[in-house]
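Asks: I'm passing along protein.cif; it holds mmCIF, C-alpha atoms.
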data_target
#
loop_
_atom_site.label_atom_id
_atom_site.label_comp_id
_atom_site.auth_asym_id
_atom_site.auth_seq_id
_atom_site.Cartn_x
_atom_site.Cartn_y
_atom_site.Cartn_z
CA MET A 8 -3.47 112.78 56.08
CA LYS A 9 -5.26 110.02 57.96
CA SER A 10 -3.90 108.94 61.29
CA THR A 11 -4.85 105.27 60.74
CA SER A 12 -2.14 103.51 58.74
CA PHE A 13 -2.86 101.60 55.56
CA THR A 14 -1.76 98.40 57.33
CA THR A 15 -4.46 98.84 59.94
CA ILE A 16 -7.11 99.38 57.28
CA ALA A 17 -5.87 96.30 55.43
CA ALA A 18 -6.20 94.27 58.64
CA LEU A 19 -9.76 95.46 59.07
CA LEU A 20 -10.50 94.43 55.50
CA VAL A 21 -9.01 90.98 56.21
CA PHE A 22 -11.18 90.59 59.29
CA GLY A 23 -14.32 91.58 57.37
CA ILE A 24 -13.57 89.34 54.41
CA GLY A 25 -12.66 86.42 56.67
CA GLY A 26 -15.94 86.70 58.58
CA PHE A 27 -17.87 86.89 55.34
CA MET A 28 -16.18 83.75 53.99
CA ALA A 29 -16.84 81.81 57.22
CA GLY A 30 -20.51 82.67 56.97
CA ARG A 31 -20.65 81.50 53.38
CA ILE A 32 -19.10 78.12 54.34
CA SER A 33 -21.36 77.38 57.30
CA SER A 34 -24.58 78.45 55.52
CA PRO A 35 -25.05 76.72 52.12
CA ASP A 36 -26.72 78.82 49.41
CA GLU A 37 -30.45 77.92 49.58
CA THR A 38 -31.02 79.27 46.08
CA SER A 39 -28.40 77.10 44.37
CA ASP A 40 -29.45 74.69 41.61
CA ASP A 41 -28.48 71.62 43.74
CA ALA A 42 -30.82 72.58 46.61
CA ALA A 43 -33.71 74.02 44.65
CA GLY A 44 -35.91 70.86 44.29
CA GLU A 45 -34.86 68.97 47.40
CA PRO A 46 -37.18 68.72 50.49
CA SER A 47 -35.88 70.52 53.52
CA SER A 48 -35.85 67.35 55.62
CA ALA A 49 -33.71 65.55 53.07
CA ARG A 50 -31.38 68.47 52.92
CA SER A 51 -31.11 68.51 56.70
CA GLY A 52 -30.31 64.81 56.86
CA ARG A 53 -27.75 65.06 54.08
CA LEU A 54 -26.06 67.98 55.72
CA ALA A 55 -26.02 66.23 59.06
CA GLY A 56 -24.37 63.22 57.45
CA GLN A 57 -21.77 65.41 55.85
CA SER A 58 -20.97 67.34 59.00
CA GLY A 59 -17.98 65.17 59.81
CA GLY A 60 -16.91 64.56 56.21
CA ASP A 61 -17.52 66.57 53.13
CA ALA A 62 -18.43 69.79 54.97
CA ALA A 63 -15.25 69.65 57.05
CA GLU A 64 -13.18 68.95 53.95
CA GLY A 65 -14.91 71.83 52.13
CA THR A 66 -14.07 74.12 55.02
CA ARG A 67 -10.42 73.06 54.89
CA ARG A 68 -10.28 73.60 51.13
CA SER A 69 -11.83 77.05 51.49
CA ALA A 70 -9.43 77.96 54.27
CA ARG A 71 -6.49 76.87 52.14
CA ALA A 72 -7.84 78.87 49.17
CA GLU A 73 -8.17 82.06 51.23
CA ARG A 74 -5.07 82.12 53.39
CA PRO A 75 -4.59 85.32 55.39
CA GLU A 76 -1.62 86.53 53.35
CA ARG A 77 -3.65 86.13 50.15
CA VAL A 78 -6.55 88.04 51.64
CA VAL A 79 -4.18 90.85 52.68
CA ARG A 80 -2.74 90.98 49.16
CA LYS A 81 -6.21 90.93 47.65
CA ALA A 82 -7.38 93.71 49.95
CA GLY A 83 -4.30 95.79 49.11
CA ASP A 84 -4.80 95.29 45.37
CA GLU A 85 -8.44 96.29 45.63
CA ALA A 86 -7.57 99.39 47.68
CA GLU A 87 -4.89 100.38 45.14
CA THR A 88 -7.29 99.92 42.24
CA ASP A 89 -9.94 101.94 44.04
CA ARG A 90 -7.50 104.79 44.78
CA LYS A 91 -6.36 104.93 41.17
CA ALA A 92 -9.94 105.01 39.93
CA ARG A 93 -10.86 107.76 42.39
CA LEU A 94 -7.82 109.84 41.47
CA GLU A 95 -8.49 109.48 37.76
CA ALA A 96 -12.11 110.54 38.24
CA ILE A 97 -10.96 113.62 40.17
CA VAL A 98 -8.36 114.62 37.58
CA ARG A 99 -10.78 114.30 34.69
CA GLY A 100 -13.40 116.50 36.35
CA GLU A 101 -14.44 119.65 34.51
CA ASN A 102 -14.88 122.02 37.46
CA ALA A 103 -11.54 123.20 38.87
CA LEU A 104 -12.99 124.05 42.30
CA ASP A 105 -14.65 120.65 42.61
CA ARG A 106 -11.42 118.97 41.55
CA ASN A 107 -9.40 120.75 44.22
CA ARG A 108 -11.92 119.94 46.93
CA ALA A 109 -12.06 116.30 45.91
CA LEU A 110 -8.27 116.07 45.67
CA LEU A 111 -7.84 117.47 49.18
CA ALA A 112 -10.28 114.89 50.51
CA PHE A 113 -8.41 112.19 48.59
CA ILE A 114 -5.05 113.33 50.01
CA ASP A 115 -6.45 113.30 53.54
CA GLN A 116 -7.06 109.56 53.16
CA LEU A 117 -3.51 108.72 52.07
CA GLY A 118 -0.89 107.28 54.37
CA PRO A 119 2.84 107.99 53.89
CA GLY A 120 3.26 104.79 51.91
CA ASP A 121 0.44 105.57 49.49
CA PHE A 122 1.86 108.71 47.93
CA GLU A 123 4.29 107.17 45.48
CA GLU A 124 1.52 105.19 43.84
CA ALA A 125 -0.76 108.24 43.75
CA VAL A 126 1.88 110.57 42.28
CA ALA A 127 3.00 108.00 39.72
CA HIS A 128 -0.59 107.41 38.60
CA PHE A 129 -1.28 111.15 38.45
CA ARG A 130 1.76 111.66 36.23
CA SER A 131 0.71 108.78 33.98
CA LEU A 132 -2.54 110.62 33.24
CA GLY A 133 -0.60 113.55 31.76
CA ILE A 134 0.40 116.79 33.48
CA THR A 135 -1.20 119.57 31.46
CA ASP A 136 -0.86 123.27 32.27
CA GLY A 137 -4.13 123.11 34.16
CA ARG A 138 -2.97 120.24 36.35
CA PHE A 139 0.25 121.72 37.73
CA SER A 140 -1.46 123.13 40.80
CA GLU A 141 -2.96 119.72 41.56
CA TYR A 142 0.42 118.09 40.99
CA ALA A 143 1.91 120.57 43.47
CA MET A 144 -0.77 119.68 46.03
CA LEU A 145 0.16 116.00 45.85
CA LEU A 146 3.88 116.71 46.05
CA THR A 147 3.45 119.14 48.95
CA ALA A 148 1.37 116.67 50.94
CA TRP A 149 3.91 113.91 50.29
CA ALA A 150 6.74 116.21 51.42
CA GLN A 151 4.94 116.83 54.69
CA ALA A 152 4.37 113.12 55.23
CA ASP A 153 7.75 111.74 54.10
CA PRO A 154 10.09 114.32 52.49
CA LEU A 155 12.98 111.94 51.90
CA ALA A 156 10.84 109.41 50.05
CA ALA A 157 9.22 112.20 48.04
CA ILE A 158 12.50 113.75 46.96
CA ASP A 159 14.10 110.40 46.17
CA TYR A 160 11.18 109.67 43.86
CA ALA A 161 11.44 113.10 42.21
CA LYS A 162 15.18 112.72 41.57
CA ALA A 163 14.71 109.27 40.04
CA ASN A 164 11.61 109.93 37.96
CA THR A 165 11.35 113.62 37.03
CA ARG A 166 13.35 116.22 35.15
CA GLY A 167 13.39 120.01 35.06
CA GLY A 168 13.40 120.67 38.80
CA TYR A 169 9.70 121.46 39.28
CA ALA A 170 8.91 118.45 41.45
CA THR A 171 12.14 118.65 43.43
CA GLY A 172 11.69 122.39 44.02
CA THR A 173 8.11 121.96 45.15
CA ILE A 174 9.04 119.21 47.59
CA LEU A 175 11.98 121.16 49.02
CA SER A 176 9.82 124.25 49.42
CA ALA A 177 7.24 122.27 51.37
CA TRP A 178 9.94 120.56 53.43
CA ALA A 179 11.57 123.91 54.26
CA SER A 180 8.27 125.20 55.60
CA THR A 181 8.36 122.61 58.39
CA ASP A 182 12.08 121.84 58.84
CA PRO A 183 14.20 124.36 56.91
CA GLU A 184 17.58 123.29 58.28
CA ALA A 185 16.95 119.67 57.36
CA ALA A 186 16.00 120.73 53.83
CA ILE A 187 19.12 122.91 53.58
CA ARG A 188 21.36 120.07 54.82
CA TRP A 189 19.88 117.76 52.20
CA ALA A 190 20.43 120.36 49.48
CA GLU A 191 24.05 120.90 50.51
CA THR A 192 24.78 117.19 50.86
CA ASN A 193 23.29 116.30 47.48
CA HIS A 194 25.04 119.03 45.46
CA GLU A 195 28.60 118.67 44.22
CA GLY A 196 30.97 121.17 42.65
CA ASP A 197 31.43 124.92 42.83
CA GLU A 198 28.48 125.87 40.64
CA ALA A 199 25.27 127.29 42.09
CA ASN A 200 23.21 124.83 44.11
CA PRO A 201 20.08 124.14 42.01
CA TYR A 202 18.15 122.98 45.09
CA PHE A 203 18.26 126.34 46.87
CA ALA A 204 15.54 128.05 44.78
CA GLY A 205 12.72 125.94 46.24
CA ILE A 206 14.00 126.38 49.78
CA ILE A 207 14.40 130.14 49.33
CA ARG A 208 10.85 130.39 48.01
CA SER A 209 9.59 128.98 51.30
CA LEU A 210 11.98 130.86 53.59
CA ALA A 211 11.30 134.21 51.91
CA ALA A 212 7.99 134.39 53.78
CA THR A 213 9.01 132.84 57.10
CA ASP A 214 12.70 133.70 57.49
CA PRO A 215 13.79 136.33 54.93
CA THR A 216 17.16 136.79 56.62
CA ARG A 217 18.04 133.11 56.13
CA ALA A 218 16.66 133.22 52.59
CA SER A 219 18.84 136.23 51.83
CA GLN A 220 21.90 134.45 53.20
CA LEU A 221 21.33 131.47 50.91
CA LEU A 222 20.65 133.67 47.90
CA THR A 223 23.72 135.87 48.28
CA SER A 224 25.92 132.82 48.79
CA MET A 225 25.13 131.61 45.26
CA PRO A 226 27.42 132.51 42.34
CA ARG A 227 25.97 134.23 39.30
CA SER A 228 23.96 131.66 37.37
CA VAL A 229 20.56 130.70 36.02
CA GLU A 230 19.90 129.01 39.36
CA ARG A 231 20.58 132.23 41.24
CA GLY A 232 18.17 134.04 38.92
CA GLU A 233 15.49 131.47 39.75
CA ALA A 234 16.19 131.87 43.46
CA LEU A 235 15.97 135.66 43.11
CA ASP A 236 12.62 135.31 41.33
CA ALA A 237 11.41 133.18 44.22
CA PHE A 238 12.61 135.63 46.86
CA LEU A 239 11.59 139.03 45.49
CA PRO A 240 7.76 138.79 45.67
CA GLN A 241 7.93 138.45 49.43
CA LEU A 242 10.46 141.29 49.62
CA VAL A 243 8.29 143.63 47.52
CA ALA A 244 5.34 142.82 49.76
CA GLN A 245 7.24 144.52 52.59
CA GLY A 246 7.11 147.83 50.73
CA GLY A 247 9.24 149.93 48.41
CA ASP A 248 11.59 151.29 51.07
CA ALA A 249 12.44 147.83 52.41
CA THR A 250 12.94 146.52 48.88
CA LYS A 251 15.26 149.35 47.87
CA ALA A 252 17.24 149.08 51.11
CA TRP A 253 17.82 145.34 50.63
CA ILE A 254 18.90 145.80 47.00
CA ASP A 255 21.14 148.78 47.81
CA GLY A 256 22.88 146.69 50.44
CA LEU A 257 23.93 143.98 47.98
CA SER A 258 27.68 143.91 47.33
CA ASP A 259 27.37 141.85 44.14
CA ASP A 260 26.82 144.32 41.26
CA ALA A 261 25.26 141.74 38.97
CA LEU A 262 22.84 140.56 41.66
CA ARG A 263 21.92 144.14 42.54
CA SER A 264 21.26 145.02 38.89
CA GLY A 265 19.22 141.84 38.36
CA ALA A 266 17.11 142.57 41.41
CA MET A 267 16.50 146.16 40.29
CA MET A 268 15.38 145.04 36.84
CA ARG A 269 12.91 142.59 38.36
CA VAL A 270 11.27 145.01 40.80
CA ALA A 271 11.33 148.34 38.94
CA ASP A 272 7.96 147.87 37.25
CA ARG A 273 6.27 146.78 40.46
CA LEU A 274 7.69 149.67 42.47
CA ALA A 275 6.76 152.13 39.71
CA ALA A 276 3.13 151.06 39.96
CA THR A 277 2.87 152.79 43.34
CA ASP A 278 5.76 155.28 43.24
CA PRO A 279 6.96 156.07 39.71
CA ALA A 280 8.79 159.28 40.68
CA GLY A 281 10.68 157.63 43.52
CA THR A 282 11.49 154.58 41.42
CA ALA A 283 12.81 156.74 38.56
CA ALA A 284 15.02 158.69 40.95
CA TRP A 285 16.29 155.44 42.50
CA LEU A 286 17.22 153.99 39.11
CA MET A 287 19.11 157.15 38.19
CA THR A 288 21.36 156.81 41.24
CA GLN A 289 22.56 153.35 40.20
CA GLN A 290 23.70 153.78 36.59
CA ASN A 291 23.92 150.09 35.81
CA GLU A 292 22.28 147.67 33.39
CA ALA A 293 18.98 147.98 35.24
CA THR A 294 18.97 151.75 34.66
CA GLN A 295 19.53 151.29 30.93
CA ARG A 296 16.84 148.64 30.57
CA ARG A 297 14.14 149.84 32.95
CA VAL A 298 14.02 153.66 32.83
CA ASP A 299 11.68 153.54 29.83
CA ASP A 300 9.36 151.08 31.61
CA VAL A 301 9.15 153.32 34.68
CA TYR A 302 8.42 156.43 32.62
CA ASN A 303 5.85 154.48 30.63
CA VAL A 304 4.00 153.63 33.85
CA TRP A 305 4.46 157.19 35.11
CA ALA A 306 3.12 158.77 31.91
CA ALA A 307 0.03 156.59 32.06
CA LYS A 308 -0.63 157.91 35.56
CA ASP A 309 0.51 161.54 35.16
CA GLN A 310 1.87 162.43 31.74
CA GLN A 311 2.78 166.02 32.62
CA ALA A 312 4.77 164.99 35.69
CA ALA A 313 6.63 162.32 33.73
CA LEU A 314 7.33 164.77 30.91
CA ALA A 315 8.64 167.41 33.31
CA SER A 316 10.95 164.88 34.92
CA MET A 317 12.27 163.71 31.55
CA ALA A 318 12.89 167.29 30.40
CA SER A 319 14.90 168.01 33.56
CA LEU A 320 17.38 165.20 32.85
CA PRO A 321 20.70 166.01 31.18
CA ALA A 322 21.04 165.05 27.53
CA GLY A 323 22.13 161.47 27.10
CA GLU A 324 20.97 157.86 27.31
CA ASN A 325 18.81 158.25 30.41
CA ARG A 326 16.89 161.16 28.91
CA SER A 327 16.33 159.32 25.62
CA ASN A 328 15.21 156.21 27.49
CA ALA A 329 12.78 158.29 29.54
CA LEU A 330 11.39 159.82 26.34
CA ARG A 331 10.99 156.34 24.88
CA GLY A 332 8.82 155.34 27.81
CA ILE A 333 6.61 158.40 27.47
CA VAL A 334 6.28 157.95 23.69
CA ASN A 335 5.37 154.28 24.18
CA SER A 336 2.65 155.23 26.64
CA ILE A 337 1.12 157.71 24.21
CA ALA A 338 1.60 155.67 21.01
CA SER A 339 -0.75 152.88 21.99
CA ARG A 340 -3.56 155.41 22.55
CA ASP A 341 -2.80 158.19 20.05
CA PRO A 342 -0.04 157.53 17.50
CA GLN A 343 -0.18 161.02 16.02
CA ALA A 344 0.26 162.61 19.45
CA ALA A 345 3.30 160.38 20.01
CA VAL A 346 4.79 161.63 16.73
CA SER A 347 4.26 165.18 17.97
CA MET A 348 6.13 164.29 21.15
CA MET A 349 9.09 163.01 19.14
CA ASP A 350 9.01 166.19 17.04
CA ARG A 351 9.10 168.23 20.24
CA PHE A 352 12.35 166.58 21.40
CA PRO A 353 14.14 165.67 18.16
CA ASN A 354 17.61 165.60 19.70
CA ASP A 355 16.53 162.90 22.15
CA VAL A 356 14.96 160.65 19.54
CA THR A 357 17.20 157.62 19.03
CA ASP A 358 16.65 154.62 16.77
CA ARG A 359 15.27 152.70 19.74
CA VAL A 360 12.72 155.44 20.42
CA VAL A 361 11.50 155.21 16.81
CA GLN A 362 11.49 151.40 16.76
CA HIS A 363 9.45 151.18 19.94
CA PHE A 364 7.02 153.78 18.62
CA ILE A 365 6.47 151.74 15.46
CA TRP A 366 5.87 148.53 17.40
CA GLN A 367 3.36 150.28 19.65
CA SER A 368 1.44 152.16 16.94
CA PHE A 369 1.46 149.84 13.93
CA GLY A 370 -1.54 147.84 15.09
CA SER A 371 -3.82 150.87 15.38
CA ASP A 372 -2.48 153.13 12.60
CA PRO A 373 -0.03 151.43 10.21
CA SER A 374 0.35 154.42 7.90
CA VAL A 375 1.49 156.73 10.74
CA ALA A 376 3.84 154.03 12.01
CA VAL A 377 5.44 153.32 8.62
CA ASN A 378 5.87 157.06 7.97
CA GLN A 379 8.36 157.21 10.87
CA ILE A 380 10.67 154.45 9.62
CA ALA A 381 12.75 157.01 7.74
CA ARG A 382 13.84 158.41 11.13
CA ILE A 383 15.86 155.27 11.87
CA GLY A 384 19.52 156.13 11.31
CA ASP A 385 20.99 152.64 10.93
CA GLU A 386 20.45 151.55 7.33
CA GLY A 387 20.18 147.84 8.11
CA ASP A 388 17.68 148.39 10.93
CA ARG A 389 15.71 150.77 8.72
CA GLU A 390 15.38 148.29 5.86
CA ARG A 391 14.49 145.44 8.20
CA MET A 392 11.72 147.56 9.69
CA TYR A 393 10.36 148.34 6.20
CA HIS A 394 10.38 144.63 5.35
CA ARG A 395 8.51 143.59 8.50
CA THR A 396 5.90 146.31 8.56
CA LEU A 397 5.09 146.45 4.84
CA GLU A 398 4.87 142.68 4.45
CA SER A 399 2.57 142.53 7.45
CA TRP A 400 0.48 145.41 6.15
CA ILE A 401 0.09 143.74 2.74
CA GLU A 402 -1.16 140.58 4.42
CA ARG A 403 -3.58 142.62 6.50
CA ASP A 404 -4.80 145.25 4.00
CA GLN A 405 -3.15 145.05 0.59
CA THR A 406 -5.08 147.95 -0.90
CA ALA A 407 -4.06 150.43 1.80
CA ALA A 408 -0.46 149.16 1.85
CA MET A 409 -0.07 149.45 -1.93
CA ALA A 410 -1.50 152.96 -1.88
CA TRP A 411 1.17 153.99 0.65
CA ILE A 412 3.96 152.24 -1.31
CA GLN A 413 2.99 154.03 -4.52
CA ARG A 414 3.20 157.43 -2.78
CA ASN A 415 6.53 156.84 -1.02
CA PRO A 416 9.95 155.91 -2.44
CA LEU A 417 11.52 152.81 -0.90
CA PRO A 418 15.06 151.37 -0.85
CA ALA A 419 15.64 149.11 -3.85
CA SER A 420 16.02 145.95 -1.74
CA VAL A 421 12.72 146.64 0.00
CA GLN A 422 10.91 147.28 -3.29
CA GLU A 423 12.28 144.05 -4.80
CA ARG A 424 11.14 142.02 -1.81
CA ILE A 425 7.68 143.59 -1.94
CA ASN A 426 7.42 142.74 -5.64
CA ARG A 427 8.31 139.10 -4.93
CA GLN A 428 5.68 138.95 -2.22
CA LEU A 429 3.04 140.36 -4.55
CA ASN A 430 3.96 137.87 -7.31
CA GLU A 431 3.73 134.96 -4.88
CA ARG A 432 0.31 136.11 -3.73
CA ALA A 433 -0.86 136.48 -7.34
CA ASN A 434 0.23 132.91 -8.15
CA GLU A 435 -1.39 131.26 -5.12
#
Once you've parsed the file, please lay out its structure as structure tokens.

Replies:
Amino acid sequence: MKSTSFTTIAALLVFGIGGFMAGRISSPDETSDDAAGEPSSARSGRLAGQSGGDAAEGTRRSARAERPERVVRKAGDEAETDRKARLEAIVRGENALDRNRALLAFIDQLGPGDFEEAVAHFRSLGITDGRFSEYAMLLTAWAQADPLAAIDYAKANTRGGYATGTILSAWASTDPEAAIRWAETNHEGDEANPYFAGIIRSLAATDPTRASQLLTSMPRSVERGEALDAFLPQLVAQGGDATKAWIDGLSDDALRSGAMMRVADRLAATDPAGTAAWLMTQQNEATQRRVDDVYNVWAAKDQQAALASMASLPAGENRSNALRGIVNSIASRDPQAAVSMMDRFPNDVTDRVVQHFIWQSFGSDPSVAVNQIARIGDEGDRERMYHRTLESWIERDQTAAMAWIQRNPLPASVQERINRQLNERANE
């Protein structure tokens, strides 16, 4: 931001405007209609005669009309109008890179007292998905110039926490303890502090120990989940071993499981075998919900290694989940090969394995996908899957779908629903 305050610039504008007005008063317009046909000598004599009268009175009237406070107000209004016009032109630009460059230059010219007007005008133009980064730039710059004013504005004029979180994150990057004190002072009750997520996002990169302290002090809540999402990217950047060590050291089971679920995919991208083994040692919700994802990633990298690992697991949920991940990986590329994999391990094929296979393969080979619906053991789930897939297939390729239906017996409820769909299509 500029070092010269807006008041100083306004004073300079007053000085310039005042000088301009004085010049206009002492030098009559020689192109005006009154002076156009008059000899210069006559004009000189008339002006000389008026020097002690009309001219002096005109000067006094002009001075009264343009008092300093009015000039200051006029200069301020013009500057505000100019800033709004410039900001609107920037926001409506087509090139994102040009917009960012222009916005940075615009921000550099703002003083602490100019930000509220700029942010309010920016918001009045509409904050689309493409403008959130620019909105964040304005909020961040305001937080660096005057964090208290910025956050007071956000609390009074915004909802959802985006603006407040952005401001607190920027504030914490320069004065974390002040930001934390504000967050603690402005939160009441025993529920999780909603202001901590933005602060933790900033501290995760600069002071992970302090960020961890804040995070683990929060009770289980949506706010803690948001704070965890803000913290983990910086933790994962330190490497898999550091990430696992931090998570393993958590005493809160729910927080540990939530952290594992969030990082498993990212750790599997570089170390699927190690990540799978790590999940197996925990046996919590994360293990149940992420083993298939890890084996999916592993099978895409090294199918034989993933398959060997799955086959070495004892029969049970973990083994079936691992098979589901491998089948999912194959189904999107080769549905028939995925069916062969399920046939190879029939005792490990659960309803979830079949359902995931159908979702993965239906787009590329609907007939192979629908053929496997009969494997689903739960009658309600089986009929619902028939309804969804067959109705979708009829919309997509009625001839092929009807050919399959005619060759395969269906539950009565499914057949009735298909008939209604066909009648509705015929009457359209």

Asks: Which residues fall under the PyMOL selection byres ((chain A and resi 390-398) around 12) in this file, as a short mmCIF file (atom, residue, chain, number, x, y, z; two decimals) with C-alpha atoms, in the frame of the given file?

Replies:
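Result file follows (expr-v9.cif):
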data_model
loop_
_atom_site.label_atom_id
_atom_site.label_comp_id
_atom_site.auth_asym_id
_atom_site.auth_seq_id
_atom_site.Cartn_x
_atom_site.Cartn_y
_atom_site.Cartn_z
CA ASP A 358 16.65 154.62 16.77
CA ARG A 359 15.27 152.70 19.74
CA VAL A 361 11.50 155.21 16.81
CA GLN A 362 11.49 151.40 16.76
CA HIS A 363 9.45 151.18 19.94
CA PHE A 364 7.02 153.78 18.62
CA ILE A 365 6.47 151.74 15.46
CA TRP A 366 5.87 148.53 17.40
CA SER A 368 1.44 152.16 16.94
CA PHE A 369 1.46 149.84 13.93
CA GLY A 370 -1.54 147.84 15.09
CA ASP A 372 -2.48 153.13 12.60
CA PRO A 373 -0.03 151.43 10.21
CA SER A 374 0.35 154.42 7.90
CA VAL A 375 1.49 156.73 10.74
CA ALA A 376 3.84 154.03 12.01
CA VAL A 377 5.44 153.32 8.62
CA ASN A 378 5.87 157.06 7.97
CA GLN A 379 8.36 157.21 10.87
CA ILE A 380 10.67 154.45 9.62
CA ALA A 381 12.75 157.01 7.74
CA ARG A 382 13.84 158.41 11.13
CA ILE A 383 15.86 155.27 11.87
CA GLY A 384 19.52 156.13 11.31
CA ASP A 385 20.99 152.64 10.93
CA GLU A 386 20.45 151.55 7.33
CA GLY A 387 20.18 147.84 8.11
CA ASP A 388 17.68 148.39 10.93
CA ARG A 389 15.71 150.77 8.72
CA SER A 399 2.57 142.53 7.45
CA TRP A 400 0.48 145.41 6.15
CA ILE A 401 0.09 143.74 2.74
CA GLU A 402 -1.16 140.58 4.42
CA ARG A 403 -3.58 142.62 6.50
CA ASP A 404 -4.80 145.25 4.00
CA GLN A 405 -3.15 145.05 0.59
CA THR A 406 -5.08 147.95 -0.90
CA ALA A 407 -4.06 150.43 1.80
CA ALA A 408 -0.46 149.16 1.85
CA MET A 409 -0.07 149.45 -1.93
CA ALA A 410 -1.50 152.96 -1.88
CA TRP A 411 1.17 153.99 0.65
CA ILE A 412 3.96 152.24 -1.31
CA ASN A 415 6.53 156.84 -1.02
CA PRO A 416 9.95 155.91 -2.44
CA LEU A 417 11.52 152.81 -0.90
CA PRO A 418 15.06 151.37 -0.85
CA ALA A 419 15.64 149.11 -3.85
CA SER A 420 16.02 145.95 -1.74
CA VAL A 421 12.72 146.64 0.00
CA GLN A 422 10.91 147.28 -3.29
CA GLU A 423 12.28 144.05 -4.80
CA ARG A 424 11.14 142.02 -1.81
CA ILE A 425 7.68 143.59 -1.94
CA ASN A 426 7.42 142.74 -5.64
CA ARG A 427 8.31 139.10 -4.93
CA GLN A 428 5.68 138.95 -2.22
CA LEU A 429 3.04 140.36 -4.55
CA ARG A 432 0.31 136.11 -3.73
#

Asks: Name the closest residue to Arg297 (chain A) among the candidates A:Thr88, A:Thr277, A:Asn328, A:Asn193; distances are taken between atoms, counting all atoms listed in the file.

Replies: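 Among the listed residues, the smallest separation from Arg297 (chain A) belongs to A:Asn328.
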
Asks: With distances taken over all atoms listed in the file, which residue among A:Met144, A:Ala170, A:Leu320, A:Ile187 lies nearest Ile207 (chain A)?

Replies: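 Smallest distance to Ile207 (chain A) is found for A:Ile187.
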
Asks: Give me, as a list in words, all polymer residues having an atom no more than 9 Å from Pro215 (chain A), counting only C-alpha atoms and skipping those fewer than 6 positions away in the same chain.

Replies: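 What passes the distance filter is Ile207, Phe238, Gln241 and Leu242 of chain A.
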
Asks: Can you measure CA of Asn291 (chain A) to CA of Ile337 (chain A) for me? One decimal in Å is fine.

Replies: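 Computed distance, CA of Asn291 (chain A) to CA of Ile337 (chain A), equals 26.7 Å.
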
Asks: List every protein, DNA or RNA residue that has at least one atom no more than 12 Å from (10.0, 111.0, 44.6) in the file's coordinates, counting all atoms listed in the file, and write the result as an MDAnalysis selection string.

Replies: chainID A and resid 120 122:127 130 145:147 149:150 153:166 168:175

Asks: Will you model N, CA and C atoms for region 108-120 of chain A and pass it back as an mmCIF file, in the frame of the given file?

Replies:
data_model
loop_
_atom_site.group_PDB
_atom_site.id
_atom_site.type_symbol
_atom_site.label_atom_id
_atom_site.label_comp_id
_atom_site.auth_asym_id
_atom_site.auth_seq_id
_atom_site.Cartn_x
_atom_site.Cartn_y
_atom_site.Cartn_z
ATOM 1 N N ARG A 108 -11.283 120.432 45.711
ATOM 2 C CA ARG A 108 -11.920 119.940 46.930
ATOM 3 C C ARG A 108 -11.820 118.423 47.026
ATOM 4 N N ALA A 109 -12.101 117.753 45.919
ATOM 5 C CA ALA A 109 -12.060 116.300 45.910
ATOM 6 C C ALA A 109 -10.634 115.795 46.111
ATOM 7 N N LEU A 110 -9.658 116.500 45.524
ATOM 8 C CA LEU A 110 -8.270 116.070 45.670
ATOM 9 C C LEU A 110 -7.797 116.231 47.119
ATOM 10 N N LEU A 111 -8.198 117.300 47.777
ATOM 11 C CA LEU A 111 -7.840 117.470 49.180
ATOM 12 C C LEU A 111 -8.420 116.353 50.036
ATOM 13 N N ALA A 112 -9.670 115.996 49.764
ATOM 14 C CA ALA A 112 -10.280 114.890 50.510
ATOM 15 C C ALA A 112 -9.557 113.578 50.215
ATOM 16 N N PHE A 113 -9.148 113.392 48.972
ATOM 17 C CA PHE A 113 -8.410 112.190 48.590
ATOM 18 C C PHE A 113 -7.065 112.134 49.317
ATOM 19 N N ILE A 114 -6.359 113.266 49.347
ATOM 20 C CA ILE A 114 -5.050 113.330 50.010
ATOM 21 C C ILE A 114 -5.173 113.039 51.500
ATOM 22 N N ASP A 115 -6.249 113.525 52.115
ATOM 23 C CA ASP A 115 -6.450 113.300 53.540
ATOM 24 C C ASP A 115 -6.562 111.814 53.889
ATOM 25 N N GLN A 116 -6.896 110.993 52.906
ATOM 26 C CA GLN A 116 -7.060 109.560 53.160
ATOM 27 C C GLN A 116 -5.799 108.757 52.855
ATOM 28 N N LEU A 117 -4.736 109.437 52.411
ATOM 29 C CA LEU A 117 -3.510 108.720 52.070
ATOM 30 C C LEU A 117 -2.586 108.607 53.268
ATOM 31 N N GLY A 118 -1.955 107.459 53.395
ATOM 32 C CA GLY A 118 -0.890 107.280 54.370
ATOM 33 C C GLY A 118 0.444 107.563 53.705
ATOM 34 N N PRO A 119 1.532 107.695 54.467
ATOM 35 C CA PRO A 119 2.840 107.990 53.890
ATOM 36 C C PRO A 119 3.241 107.024 52.774
ATOM 37 N N GLY A 120 2.873 105.762 52.921
ATOM 38 C CA GLY A 120 3.260 104.790 51.910
ATOM 39 C C GLY A 120 2.413 104.774 50.672
#
